[in-house]
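Chemist: Quick one, my_file17.pdb (PDB, C-alpha atoms):
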ATOM      1  CA  MET D   1      32.312  -9.781  36.297
ATOM      2  CA  ALA D   2      30.847  -6.573  34.921
ATOM      3  CA  LEU D   3      31.983  -4.709  31.844
ATOM      4  CA  LYS D   4      32.009  -0.971  31.223
ATOM      5  CA  ALA D   5      32.958   0.942  28.106
ATOM      6  CA  VAL D   6      35.736   3.454  28.489
ATOM      7  CA  HIS D   7      38.599   4.647  26.315
ATOM      8  CA  VAL D   8      41.919   3.681  27.873
ATOM      9  CA  SER D   9      43.438   7.120  27.324
ATOM     10  CA  ASP D  10      40.572   8.676  29.293
ATOM     11  CA  VAL D  11      41.166   6.610  32.427
ATOM     12  CA  PRO D  12      43.459   8.448  34.867
ATOM     13  CA  ASN D  13      43.936   5.350  36.997
ATOM     14  CA  LEU D  14      43.072   1.787  36.076
ATOM     15  CA  ASP D  15      41.095   1.248  39.257
ATOM     16  CA  GLN D  16      38.899   4.298  38.602
ATOM     17  CA  VAL D  17      36.079   3.938  36.079
ATOM     18  CA  THR D  18      33.501   6.681  35.780
ATOM     19  CA  GLU D  19      29.866   5.837  36.382
ATOM     20  CA  ASN D  20      28.499   7.405  33.190
ATOM     21  CA  VAL D  21      29.981   4.860  30.792
ATOM     22  CA  ALA D  22      28.063   2.259  28.825
ATOM     23  CA  ALA D  23      27.530  -1.342  29.909
ATOM     24  CA  LEU D  24      29.907  -2.902  27.419
ATOM     25  CA  ALA D  25      33.665  -3.090  27.065
ATOM     26  CA  VAL D  26      35.463  -1.182  24.339
ATOM     27  CA  TYR D  27      39.021  -2.112  23.400
ATOM     28  CA  SER D  28      41.763  -0.686  21.245
ATOM     29  CA  PRO D  29      43.472  -3.084  18.783
ATOM     30  CA  TRP D  30      46.219  -3.902  21.244
ATOM     31  CA  LEU D  31      44.542  -3.738  24.627
ATOM     32  CA  ALA D  32      42.223  -6.085  26.472
ATOM     33  CA  GLN D  33      40.435  -4.883  29.576
ATOM     34  CA  GLY D  34      38.240  -6.402  32.244
ATOM     35  CA  VAL D  35      36.344  -4.922  35.178
ATOM     36  CA  LYS D  36      35.762  -6.974  38.298
ATOM     37  CA  ASP D  37      32.961  -6.302  40.749
ATOM     38  CA  GLU D  38      34.270  -4.620  43.882
ATOM     39  CA  GLY D  39      35.181  -7.066  46.592
ATOM     40  CA  GLU D  40      34.983 -10.062  44.267
ATOM     41  CA  GLU D  41      38.061 -12.280  44.245
ATOM     42  CA  THR D  42      39.081 -15.093  41.954
ATOM     43  CA  LYS D  43      39.275 -18.700  43.096
ATOM     44  CA  TRP D  44      42.987 -19.164  42.386
ATOM     45  CA  GLY D  45      44.507 -16.799  44.942
ATOM     46  CA  TYR D  46      45.293 -13.851  42.683
ATOM     47  CA  LYS D  47      43.205 -10.799  43.489
ATOM     48  CA  TRP D  48      42.420  -8.944  40.291
ATOM     49  CA  PRO D  49      42.332  -5.174  40.229
ATOM     50  CA  LYS D  50      38.909  -3.758  39.482
ATOM     51  CA  PHE D  51      40.070  -2.740  36.021
ATOM     52  CA  VAL D  52      42.555  -4.906  34.121
ATOM     53  CA  VAL D  53      44.450  -3.953  30.970
ATOM     54  CA  MET D  54      46.473  -6.351  28.823
ATOM     55  CA  GLY D  55      48.929  -5.550  26.052
ATOM     56  CA  HIS D  56      48.123  -7.660  22.977
ATOM     57  CA  ARG D  57      51.345  -9.291  21.732
ATOM     58  CA  GLY D  58      53.053  -6.693  23.889
ATOM     59  CA  SER D  59      52.708  -3.218  22.397
ATOM     60  CA  GLY D  60      50.340  -4.440  19.686
ATOM     61  CA  MET D  61      50.029  -6.729  16.719
ATOM     62  CA  ASN D  62      51.820  -5.924  13.463
ATOM     63  CA  MET D  63      49.619  -5.368  10.403
ATOM     64  CA  LEU D  64      52.238  -5.077   7.699
ATOM     65  CA  GLN D  65      49.632  -4.329   5.025
ATOM     66  CA  SER D  66      48.293  -1.322   6.957
ATOM     67  CA  SER D  67      49.093   2.318   6.291
ATOM     68  CA  ASP D  68      48.834   2.976  10.036
ATOM     69  CA  ALA D  69      52.377   3.432  11.357
ATOM     70  CA  LYS D  70      51.300   2.402  14.871
ATOM     71  CA  LEU D  71      50.706  -1.132  13.582
ATOM     72  CA  LYS D  72      54.283  -1.316  12.300
ATOM     73  CA  SER D  73      56.009   0.401  15.195
ATOM     74  CA  ILE D  74      57.534  -2.391  17.318
ATOM     75  CA  LYS D  75      57.987  -6.065  16.439
ATOM     76  CA  GLU D  76      55.037  -7.957  17.935
ATOM     77  CA  ASN D  77      55.606 -10.838  20.381
ATOM     78  CA  SER D  78      59.131  -9.670  21.148
ATOM     79  CA  ILE D  79      60.927  -8.832  24.382
ATOM     80  CA  LEU D  80      61.282  -5.269  23.103
ATOM     81  CA  SER D  81      57.517  -5.066  22.578
ATOM     82  CA  PHE D  82      56.688  -6.559  25.980
ATOM     83  CA  ASN D  83      58.968  -4.189  27.859
ATOM     84  CA  ALA D  84      57.735  -1.212  25.832
ATOM     85  CA  ALA D  85      54.185  -2.123  26.837
ATOM     86  CA  ALA D  86      55.309  -2.495  30.448
ATOM     87  CA  GLN D  87      56.152   1.220  30.506
ATOM     88  CA  PHE D  88      52.404   1.925  30.433
ATOM     89  CA  PRO D  89      49.975   1.265  33.313
ATOM     90  CA  ILE D  90      49.015  -2.215  32.141
ATOM     91  CA  ASP D  91      48.622  -5.349  34.235
ATOM     92  CA  PHE D  92      49.434  -8.155  31.773
ATOM     93  CA  VAL D  93      51.057  -8.734  28.412
ATOM     94  CA  GLU D  94      49.542 -11.347  26.111
ATOM     95  CA  PHE D  95      51.566 -13.531  23.777
ATOM     96  CA  ASP D  96      51.363 -16.718  21.717
ATOM     97  CA  VAL D  97      53.346 -19.843  22.600
ATOM     98  CA  GLN D  98      54.157 -22.775  20.327
ATOM     99  CA  VAL D  99      56.571 -25.672  20.880
ATOM    100  CA  THR D 100      59.325 -26.455  18.405
ATOM    101  CA  LYS D 101      60.205 -29.880  17.039
ATOM    102  CA  ASP D 102      62.878 -30.269  19.737
ATOM    103  CA  ASP D 103      60.568 -29.217  22.582
ATOM    104  CA  TYR D 104      61.331 -25.553  23.185
ATOM    105  CA  PRO D 105      58.403 -23.189  23.842
ATOM    106  CA  VAL D 106      58.809 -20.143  21.588
ATOM    107  CA  ILE D 107      56.862 -16.932  21.097
ATOM    108  CA  PHE D 108      55.232 -16.605  17.669
ATOM    109  CA  HIS D 109      51.679 -16.038  16.484
ATOM    110  CA  ASP D 110      51.455 -17.540  12.999
ATOM    111  CA  ASN D 111      51.417 -21.283  12.385
ATOM    112  CA  PHE D 112      53.993 -20.855   9.625
ATOM    113  CA  ILE D 113      57.184 -18.804   9.540
ATOM    114  CA  GLY D 114      58.520 -17.603   6.200
ATOM    115  CA  ALA D 115      61.508 -16.020   4.514
ATOM    116  CA  GLU D 116      62.614 -15.031   1.065
ATOM    117  CA  ASP D 117      65.308 -17.221  -0.442
ATOM    118  CA  LYS D 118      66.802 -15.995  -3.734
ATOM    119  CA  GLY D 119      63.581 -14.209  -4.602
ATOM    120  CA  VAL D 120      61.377 -17.186  -3.700
ATOM    121  CA  PHE D 121      59.044 -17.205  -0.694
ATOM    122  CA  LYS D 122      59.443 -20.279   1.478
ATOM    123  CA  GLU D 123      57.637 -21.110   4.695
ATOM    124  CA  GLU D 124      57.673 -23.906   7.249
ATOM    125  CA  ARG D 125      55.508 -24.840  10.184
ATOM    126  CA  VAL D 126      56.894 -23.492  13.469
ATOM    127  CA  THR D 127      56.242 -26.788  15.246
ATOM    128  CA  ASP D 128      58.135 -28.746  12.559
ATOM    129  CA  ILE D 129      61.471 -26.943  12.979
ATOM    130  CA  THR D 130      64.105 -26.905  15.712
ATOM    131  CA  LEU D 131      64.821 -24.011  18.045
ATOM    132  CA  LEU D 132      67.988 -23.075  16.167
ATOM    133  CA  GLU D 133      66.089 -23.072  12.872
ATOM    134  CA  PHE D 134      63.380 -20.890  14.397
ATOM    135  CA  LEU D 135      65.869 -18.393  15.825
ATOM    136  CA  SER D 136      67.675 -18.155  12.472
ATOM    137  CA  TYR D 137      64.852 -15.934  11.169
ATOM    138  CA  GLY D 138      64.974 -12.166  11.509
ATOM    139  CA  PRO D 139      67.437 -10.025  13.511
ATOM    140  CA  GLN D 140      70.131 -12.007  15.294
ATOM    141  CA  LYS D 141      71.395 -11.555  18.834
ATOM    142  CA  GLU D 142      75.018 -12.112  17.847
ATOM    143  CA  ALA D 143      76.809  -9.042  16.505
ATOM    144  CA  GLY D 144      77.585  -9.326  12.824
ATOM    145  CA  LYS D 145      75.347 -12.333  12.269
ATOM    146  CA  VAL D 146      72.646 -11.932   9.603
ATOM    147  CA  GLY D 147      69.391 -13.831   9.898
ATOM    148  CA  ARG D 148      67.030 -15.017   7.221
ATOM    149  CA  PRO D 149      64.883 -12.050   6.050
ATOM    150  CA  LEU D 150      61.536 -12.603   7.734
ATOM    151  CA  VAL D 151      58.384 -12.183   5.655
ATOM    152  CA  ARG D 152      54.732 -12.731   6.486
ATOM    153  CA  LYS D 153      51.950 -14.276   4.440
ATOM    154  CA  ILE D 154      48.567 -12.879   5.465
ATOM    155  CA  LYS D 155      45.153 -14.528   5.159
ATOM    156  CA  ASP D 156      44.413 -13.268   1.643
ATOM    157  CA  GLY D 157      47.676 -14.739   0.362
ATOM    158  CA  ARG D 158      49.653 -11.502   0.056
ATOM    159  CA  ILE D 159      53.255 -11.547   1.242
ATOM    160  CA  PHE D 160      55.003  -8.677   3.051
ATOM    161  CA  TYR D 161      58.515  -8.112   4.323
ATOM    162  CA  TRP D 162      58.329  -7.929   8.109
ATOM    163  CA  LYS D 163      59.544  -4.349   8.330
ATOM    164  CA  VAL D 164      58.870  -2.363  11.511
ATOM    165  CA  GLU D 165      60.364   0.795  13.000
ATOM    166  CA  GLN D 166      61.844  -1.065  15.974
ATOM    167  CA  ASP D 167      62.803  -4.654  15.201
ATOM    168  CA  ASP D 168      63.863  -7.375  17.623
ATOM    169  CA  SER D 169      64.985 -10.995  17.652
ATOM    170  CA  LEU D 170      62.616 -13.920  18.009
ATOM    171  CA  CYS D 171      62.560 -15.332  21.520
ATOM    172  CA  THR D 172      61.740 -18.275  23.748
ATOM    173  CA  LEU D 173      59.296 -18.484  26.640
ATOM    174  CA  GLN D 174      62.201 -18.819  29.054
ATOM    175  CA  GLU D 175      63.747 -15.586  27.780
ATOM    176  CA  VAL D 176      60.450 -13.757  28.228
ATOM    177  CA  PHE D 177      60.274 -14.814  31.867
ATOM    178  CA  GLU D 178      63.878 -13.761  32.413
ATOM    179  CA  LYS D 179      63.899 -10.443  30.544
ATOM    180  CA  VAL D 180      60.420  -8.909  30.773
ATOM    181  CA  GLU D 181      59.523  -6.527  33.613
ATOM    182  CA  HIS D 182      58.623  -8.819  36.510
ATOM    183  CA  SER D 183      55.721  -6.734  37.788
ATOM    184  CA  LYS D 184      53.673  -7.535  34.669
ATOM    185  CA  GLY D 185      51.537 -10.645  34.470
ATOM    186  CA  PHE D 186      51.503 -12.977  31.474
ATOM    187  CA  ASN D 187      48.464 -14.074  29.484
ATOM    188  CA  ILE D 188      49.966 -17.125  27.763
ATOM    189  CA  GLU D 189      47.944 -18.113  24.708
ATOM    190  CA  LEU D 190      48.415 -21.793  23.926
ATOM    191  CA  LYS D 191      48.626 -21.693  20.141
ATOM    192  CA  PHE D 192      47.427 -24.590  17.969
ATOM    193  CA  ASP D 193      46.583 -24.901  14.280
ATOM    194  CA  ASP D 194      42.836 -24.811  13.525
ATOM    195  CA  GLN D 195      43.376 -27.173  10.592
ATOM    196  CA  ILE D 196      44.875 -30.004  12.658
ATOM    197  CA  VAL D 197      42.990 -32.555  14.753
ATOM    198  CA  TYR D 198      45.215 -33.189  17.764
ATOM    199  CA  LYS D 199      45.328 -36.408  19.733
ATOM    200  CA  GLU D 200      45.252 -36.006  23.500
ATOM    201  CA  GLU D 201      48.761 -37.471  23.811
ATOM    202  CA  LYS D 202      50.148 -34.739  21.552
ATOM    203  CA  LEU D 203      48.299 -31.969  23.374
ATOM    204  CA  GLU D 204      49.474 -33.240  26.745
ATOM    205  CA  HIS D 205      53.091 -33.408  25.612
ATOM    206  CA  VAL D 206      53.033 -29.826  24.321
ATOM    207  CA  LEU D 207      51.332 -28.506  27.447
ATOM    208  CA  GLN D 208      53.717 -30.329  29.755
ATOM    209  CA  VAL D 209      56.697 -28.809  27.934
ATOM    210  CA  ILE D 210      55.203 -25.335  28.424
ATOM    211  CA  LEU D 211      54.351 -26.036  32.069
ATOM    212  CA  GLN D 212      57.926 -27.080  32.810
ATOM    213  CA  VAL D 213      59.155 -23.632  31.809
ATOM    214  CA  VAL D 214      56.332 -21.807  33.598
ATOM    215  CA  THR D 215      56.854 -23.782  36.802
ATOM    216  CA  LYS D 216      60.589 -23.111  36.782
ATOM    217  CA  TYR D 217      60.595 -19.411  35.910
ATOM    218  CA  ALA D 218      57.219 -17.869  36.841
ATOM    219  CA  LYS D 219      57.997 -17.420  40.555
ATOM    220  CA  ASP D 220      55.315 -15.036  41.859
ATOM    221  CA  ARG D 221      54.427 -13.479  38.489
ATOM    222  CA  PRO D 222      50.647 -13.525  37.800
ATOM    223  CA  ILE D 223      49.901 -16.016  35.023
ATOM    224  CA  LEU D 224      46.817 -17.055  33.103
ATOM    225  CA  PHE D 225      46.501 -19.492  30.220
ATOM    226  CA  SER D 226      44.126 -19.099  27.281
ATOM    227  CA  SER D 227      43.447 -21.043  24.100
ATOM    228  CA  PHE D 228      41.078 -21.222  21.141
ATOM    229  CA  GLN D 229      41.634 -24.989  21.207
ATOM    230  CA  PRO D 230      38.966 -26.230  23.648
ATOM    231  CA  ASP D 231      40.623 -29.583  24.331
ATOM    232  CA  ALA D 232      43.924 -27.851  25.086
ATOM    233  CA  ALA D 233      42.224 -25.449  27.501
ATOM    234  CA  LEU D 234      40.410 -28.282  29.267
ATOM    235  CA  LEU D 235      43.537 -30.403  29.475
ATOM    236  CA  MET D 236      45.590 -27.526  30.881
ATOM    237  CA  ARG D 237      43.038 -27.249  33.681
ATOM    238  CA  LYS D 238      43.444 -30.981  34.422
ATOM    239  CA  LEU D 239      47.232 -30.786  34.392
ATOM    240  CA  GLN D 240      47.478 -27.915  36.880
ATOM    241  CA  THR D 241      45.346 -25.888  39.266
ATOM    242  CA  THR D 242      47.829 -23.142  40.139
ATOM    243  CA  TYR D 243      46.924 -20.784  37.291
ATOM    244  CA  PRO D 244      43.538 -19.876  35.777
ATOM    245  CA  VAL D 245      42.619 -21.112  32.309
ATOM    246  CA  TYR D 246      40.396 -19.172  29.891
ATOM    247  CA  PHE D 247      38.668 -20.352  26.741
ATOM    248  CA  LEU D 248      39.178 -18.065  23.740
ATOM    249  CA  THR D 249      36.318 -17.568  21.304
ATOM    250  CA  ASN D 250      35.298 -15.195  18.545
ATOM    251  CA  GLY D 251      31.708 -15.946  19.544
ATOM    252  CA  GLY D 252      30.470 -16.896  16.074
ATOM    253  CA  SER D 253      32.296 -14.389  13.869
ATOM    254  CA  GLU D 254      33.707 -17.444  12.125
ATOM    255  CA  ILE D 255      32.120 -20.892  12.045
ATOM    256  CA  TYR D 256      34.124 -24.015  12.853
ATOM    257  CA  ALA D 257      33.421 -27.726  12.638
ATOM    258  CA  ASP D 258      33.818 -27.864  16.423
ATOM    259  CA  VAL D 259      30.559 -26.323  17.671
ATOM    260  CA  ARG D 260      32.180 -25.436  20.989
ATOM    261  CA  ARG D 261      33.916 -22.563  19.193
ATOM    262  CA  ASN D 262      30.850 -21.011  17.570
ATOM    263  CA  SER D 263      29.071 -19.038  20.307
ATOM    264  CA  LEU D 264      29.375 -17.527  23.755
ATOM    265  CA  GLU D 265      26.790 -20.023  24.989
ATOM    266  CA  GLU D 266      28.989 -22.922  23.886
ATOM    267  CA  ALA D 267      32.009 -21.232  25.437
ATOM    268  CA  MET D 268      30.167 -21.066  28.751
ATOM    269  CA  LYS D 269      29.423 -24.788  28.527
ATOM    270  CA  VAL D 270      33.108 -25.511  27.962
ATOM    271  CA  CYS D 271      34.110 -23.418  30.976
ATOM    272  CA  LEU D 272      31.481 -24.772  33.332
ATOM    273  CA  GLY D 273      31.995 -28.356  32.238
ATOM    274  CA  GLY D 274      35.753 -28.261  32.574
ATOM    275  CA  GLY D 275      36.241 -25.972  35.543
ATOM    276  CA  LEU D 276      37.770 -23.131  33.551
ATOM    277  CA  GLN D 277      37.822 -19.678  35.105
ATOM    278  CA  GLY D 278      36.484 -17.621  32.232
ATOM    279  CA  ILE D 279      36.122 -16.601  28.604
ATOM    280  CA  VAL D 280      38.212 -14.381  26.347
ATOM    281  CA  SER D 281      35.787 -13.162  23.692
ATOM    282  CA  GLU D 282      36.099 -11.115  20.533
ATOM    283  CA  VAL D 283      34.353  -7.860  21.459
ATOM    284  CA  LYS D 284      31.876  -7.907  18.550
ATOM    285  CA  ALA D 285      30.387 -11.126  19.924
ATOM    286  CA  ILE D 286      29.562  -9.238  23.129
ATOM    287  CA  LEU D 287      28.071  -6.336  21.199
ATOM    288  CA  ARG D 288      25.889  -8.715  19.199
ATOM    289  CA  ASN D 289      24.738 -10.469  22.350
ATOM    290  CA  PRO D 290      25.092  -8.115  25.348
ATOM    291  CA  ARG D 291      22.789 -10.273  27.493
ATOM    292  CA  ALA D 292      25.525 -12.889  27.495
ATOM    293  CA  VAL D 293      27.462 -10.698  29.952
ATOM    294  CA  THR D 294      24.741 -11.173  32.563
ATOM    295  CA  LYS D 295      24.692 -14.929  31.976
ATOM    296  CA  ILE D 296      28.460 -15.150  32.252
ATOM    297  CA  LYS D 297      28.391 -13.169  35.486
ATOM    298  CA  GLN D 298      25.615 -15.345  36.910
ATOM    299  CA  ALA D 299      27.705 -18.410  36.077
ATOM    300  CA  LYS D 300      30.537 -16.946  38.218
ATOM    301  CA  LEU D 301      32.843 -16.800  35.207
ATOM    302  CA  CYS D 302      35.220 -13.991  34.327
ATOM    303  CA  ILE D 303      35.352 -12.369  30.907
ATOM    304  CA  ILE D 304      38.078 -10.586  28.953
ATOM    305  CA  THR D 305      37.509  -9.096  25.516
ATOM    306  CA  TYR D 306      39.772  -8.301  22.581
ATOM    307  CA  GLY D 307      39.473  -6.894  19.086
ATOM    308  CA  GLN D 308      38.441  -3.786  17.202
ATOM    309  CA  LEU D 309      35.057  -2.130  16.764
ATOM    310  CA  LYS D 310      35.707  -1.300  13.116
TER     311      LYS D 310
END
Could I get this structure in the form of structure tokens?

Modeler:
Amino acid sequence: MALKAVHVSDVPNLDQVTENVAALAVYSPWLAQGVKDEGEETKWGYKWPKFVVMGHRGSGMNMLQSSDAKLKSIKENSILSFNAAAQFPIDFVEFDVQVTKDDYPVIFHDNFIGAEDKGVFKEERVTDITLLEFLSYGPQKEAGKVGRPLVRKIKDGRIFYWKVEQDDSLCTLQEVFEKVEHSKGFNIELKFDDQIVYKEEKLEHVLQVILQVVTKYAKDRPILFSSFQPDAALLMRKLQTTYPVYFLTNGGSEIYADVRRNSLEEAMKVCLGGGLQGIVSEVKAILRNPRAVTKIKQAKLCIITYGQLK
């Protein structure tokens, strides 16, 4: 796996990368790209194009606190967002999957979902509510039905109404398989709370629920799994060998109690020790340690990057 820096808008075709670009990947806020050495194929039967582009949460994440209209254009992690992204020459869409209290895989990034109730902000953990409770937030599919007004609490504690130019209903993993352009692959991020220590039995149950849906509806769609939770990533590899599994890391931008999450070197150990196919790294970790790309390539691992340079 080699990486080259190139602005997506400057690439006429995704399999054509000019030779005069730098030796590092550069990514927009909503795109992840990877370049594979010519002739090199993956071990799991899916031949990657030389240049791969992924739509982050579909057409991009929502930053409700931003003045940039592009970050409040289309509701993130929605069928509308995925199909809007599919209109561009991308290969995959990326999204976050959690499992509700009654065992339905749903698409949502944050650990908590919130709404305003009589002027008071209330939130509940996505995994502690039922599917019907989850779907009661935001725009409703049924004509005339009004959902709970969705709001978002960001890391610094500020709360924003989830207002975007093009809104859409919350959705399940099954719906995404059924309604999103079939030619696009899925990067399914297995979402877990950093503040919770999960027992293996719990992780296995959640992963099996997700796998049941994937097995039933994926058909021939390209799929890869990824997770910041190292035990979840390793367990997903043990539970199935059909689809590749990647370990997500910010490469040390934040420090965690679990040392496996704190560097690209540790991420490589996780992958090599558990038979994972590659790493998804925050791009600044690569820029801080560009030699890691050579080590990752020598280890026969793939790499995808995400994030902003600012």

Chemist: Write out as a list in words each polymer residue whose atoms come within 12 Å of His205 in chain D, counting all atoms listed in the file; drop sequence neighbours fewer than 3 positions from it.

Modeler: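 Counting only the stated atoms, we get Gln98, Val99, Thr100, Lys101, Asp102, Asp103, Tyr104, Pro105, Tyr198, Lys199, Glu200, Glu201, Lys202, Gln208, Val209, Ile210, Leu211, Gln212, Ala232, Leu235, Met236 and Leu239 of chain D.
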
Chemist: When the PyMOL selection byres ((chain D and resi 65) around 12) is applied to the structure above, which residues does it catch, written out as a list in words?

Modeler: Met61, Asn62, Met63, Leu64, Ser66, Ser67, Asp68, Ala69, Leu71, Lys72, Val151, Arg152, Lys153, Ile154, Lys155, Asp156, Gly157, Arg158, Ile159, Phe160, Tyr161, Trp162, Lys163 and Val164 of chain D

Chemist: Within 7 Å of (38.5, -24.1, 28.7) (coordinates as in the file), grab all the protein and nucleic acid residues, counting all atoms listed in the file, and write them out as a CSV table (one decimal) with C-alpha atoms, in the frame of the given file.

Modeler:
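Written out: part01.csv:
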chain,number,residue,atom,x,y,z
D,230,PRO,CA,39.0,-26.2,23.6
D,233,ALA,CA,42.2,-25.4,27.5
D,234,LEU,CA,40.4,-28.3,29.3
D,245,VAL,CA,42.6,-21.1,32.3
D,246,TYR,CA,40.4,-19.2,29.9
D,247,PHE,CA,38.7,-20.4,26.7
D,270,VAL,CA,33.1,-25.5,28.0
D,271,CYS,CA,34.1,-23.4,31.0
D,274,GLY,CA,35.8,-28.3,32.6
D,276,LEU,CA,37.8,-23.1,33.6

Chemist: Identify, on the basis of all atoms listed in the file, every residue whose closest approach to Ile107 in chain D does not exceed 6 Å; exclude the query and any residue fewer than 5 positions from it along the same chain; express the result as a list in words.

Modeler: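 My list of contacting residues is Asp96, Val97, Cys171 and Thr172 of chain D.
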
Chemist: Next, the residues of the selection above should be written as a short mmCIF file (atom, residue, chain, number, x, y, z; two decimals), keeping the file's coordinate frame with C-alpha atoms.

Modeler:
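Just written: again-v3.cif:
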data_model
loop_
_atom_site.label_atom_id
_atom_site.label_comp_id
_atom_site.auth_asym_id
_atom_site.auth_seq_id
_atom_site.Cartn_x
_atom_site.Cartn_y
_atom_site.Cartn_z
CA ASP D 96 51.36 -16.72 21.72
CA VAL D 97 53.35 -19.84 22.60
CA CYS D 171 62.56 -15.33 21.52
CA THR D 172 61.74 -18.27 23.75
#

Chemist: Check which residues satisfy the PyMOL selection byres ((chain D and resi 307) around 6) in the file shown, then give them as a ChimeraX atom specification.

Modeler: /D:29,282-283,306,308

Chemist: Run the PyMOL selection byres ((chain D and resi 244) around 6) against the file shown and list the residues it catches, as a list in words.

Modeler: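 So the PyMOL selection byres ((chain D and resi 244) around 6), applied here, picks out Leu224, Tyr243, Val245 and Gln277 of chain D.
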
Chemist: Which is closer to Ala86 in chain D than all the others in D:Ala218, D:Met54, D:Ile113, D:Leu190, using all atoms listed in the file?

Modeler: D:Met54

Chemist: Please report, as lines of an AutoDock Vina configuration file, the centre and edge lengths in Å to one decimal of an axis-aligned box covering all listed atoms of range 245-258 of chain D with 3 Å per side.

Modeler:
center_x = 36.5
center_y = -21.1
center_z = 22.2
size_x = 18.1
size_y = 19.5
size_z = 26.3

Chemist: Which polymer residues, protein or nucleic acid, are no farther than 6 Å from (66.6, -14.9, 9.2), counting all atoms listed in the file, as a list in words?

Modeler: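 Checked against the point, the hits come out as Ser136, Tyr137, Gly138, Gly147, Arg148, Pro149 and Leu150 of chain D.
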
Chemist: Just checking: using only C-alpha atoms, which residue out of D:Val126, D:Ala299, D:Val213, D:Ile255 ends up closest to Gln174 in chain D?

Modeler: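 Closest candidate: D:Val213.
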
Chemist: Please provide as a list in words all residues within 8 Å of Ser59 in chain D, with the sequence filter that same-chain residues fewer than 5 positions apart are discarded (counting only C-alpha atoms).

Modeler: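 Result of the neighbour search: Trp30, Ile74, Glu76, Ser81, Phe82, Ala84 and Ala85 of chain D.
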
Chemist: List as CSV every residue of range 112-219 of chain D that is in contact with range 88-95 of chain D, defined as an atom at most 10 Å from one of its atoms (using all atoms listed in the file), together with the nearest atom pair and the distance in Å rounded to one decimal, sorted by chain and then rising number.

Modeler:
residue,atom,partner,partner_atom,distance
D:Leu173,CA,D:Phe95,CA,9.6
D:Val176,CA,D:Phe95,CA,9.9
D:Val180,CA,D:Val93,CA,9.7
D:Ser183,CA,D:Asp91,CA,8.1
D:Lys184,CA,D:Phe92,CA,5.2
D:Gly185,CA,D:Phe92,CA,4.2
D:Phe186,CA,D:Val93,CA,5.3
D:Asn187,CA,D:Glu94,CA,4.5
D:Ile188,CA,D:Phe95,CA,5.6
D:Glu189,CA,D:Phe95,CA,5.9
D:Leu190,CA,D:Phe95,CA,8.8
D:Lys191,CA,D:Phe95,CA,9.4

Chemist: Which residue is closest to Leu272 in chain D? Choose from D:Leu207, D:Leu170, D:Ile296, D:Val120 and count all atoms listed in the file.

Modeler: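 Looking only at the distances to Leu272 in chain D, the closest residue turns out to be D:Ile296.
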
Chemist: Dump range 283-292 of chain D with N, CA, C and O atoms to a file, as an mmCIF file, in the first residue's frame.

Modeler:
data_model
loop_
_atom_site.group_PDB
_atom_site.id
_atom_site.type_symbol
_atom_site.label_atom_id
_atom_site.label_comp_id
_atom_site.auth_asym_id
_atom_site.auth_seq_id
_atom_site.Cartn_x
_atom_site.Cartn_y
_atom_site.Cartn_z
ATOM 1 N N VAL D 283 -5.270 11.308 9.541
ATOM 2 C CA VAL D 283 -4.201 11.665 8.619
ATOM 3 C C VAL D 283 -3.039 12.376 9.311
ATOM 4 O O VAL D 283 -1.872 12.237 8.901
ATOM 5 N N LYS D 284 -3.298 13.122 10.380
ATOM 6 C CA LYS D 284 -2.217 13.836 11.059
ATOM 7 C C LYS D 284 -1.216 12.874 11.685
ATOM 8 O O LYS D 284 -0.035 13.207 11.828
ATOM 9 N N ALA D 285 -1.673 11.687 12.059
ATOM 10 C CA ALA D 285 -0.748 10.686 12.603
ATOM 11 C C ALA D 285 0.249 10.254 11.539
ATOM 12 O O ALA D 285 1.425 10.017 11.838
ATOM 13 N N ILE D 286 -0.205 10.167 10.288
ATOM 14 C CA ILE D 286 0.690 9.821 9.183
ATOM 15 C C ILE D 286 1.666 10.955 8.914
ATOM 16 O O ILE D 286 2.865 10.737 8.669
ATOM 17 N N LEU D 287 1.180 12.181 8.966
ATOM 18 C CA LEU D 287 2.050 13.329 8.714
ATOM 19 C C LEU D 287 3.104 13.489 9.809
ATOM 20 O O LEU D 287 4.215 13.936 9.541
ATOM 21 N N ARG D 288 2.752 13.130 11.029
ATOM 22 C CA ARG D 288 3.731 13.190 12.117
ATOM 23 C C ARG D 288 4.765 12.083 11.993
ATOM 24 O O ARG D 288 5.907 12.230 12.445
ATOM 25 N N ASN D 289 4.378 10.970 11.401
ATOM 26 C CA ASN D 289 5.241 9.805 11.346
ATOM 27 C C ASN D 289 5.162 9.165 9.965
ATOM 28 O O ASN D 289 4.678 8.041 9.807
ATOM 29 N N PRO D 290 5.654 9.857 8.927
ATOM 30 C CA PRO D 290 5.516 9.341 7.556
ATOM 31 C C PRO D 290 6.235 8.016 7.320
ATOM 32 O O PRO D 290 5.849 7.253 6.434
ATOM 33 N N ARG D 291 7.266 7.725 8.120
ATOM 34 C CA ARG D 291 7.977 6.452 7.947
ATOM 35 C C ARG D 291 7.088 5.259 8.273
ATOM 36 O O ARG D 291 7.384 4.131 7.869
ATOM 37 N N ALA D 292 6.023 5.512 9.008
ATOM 38 C CA ALA D 292 5.109 4.423 9.355
ATOM 39 C C ALA D 292 4.475 3.819 8.106
ATOM 40 O O ALA D 292 4.142 2.634 8.086
#
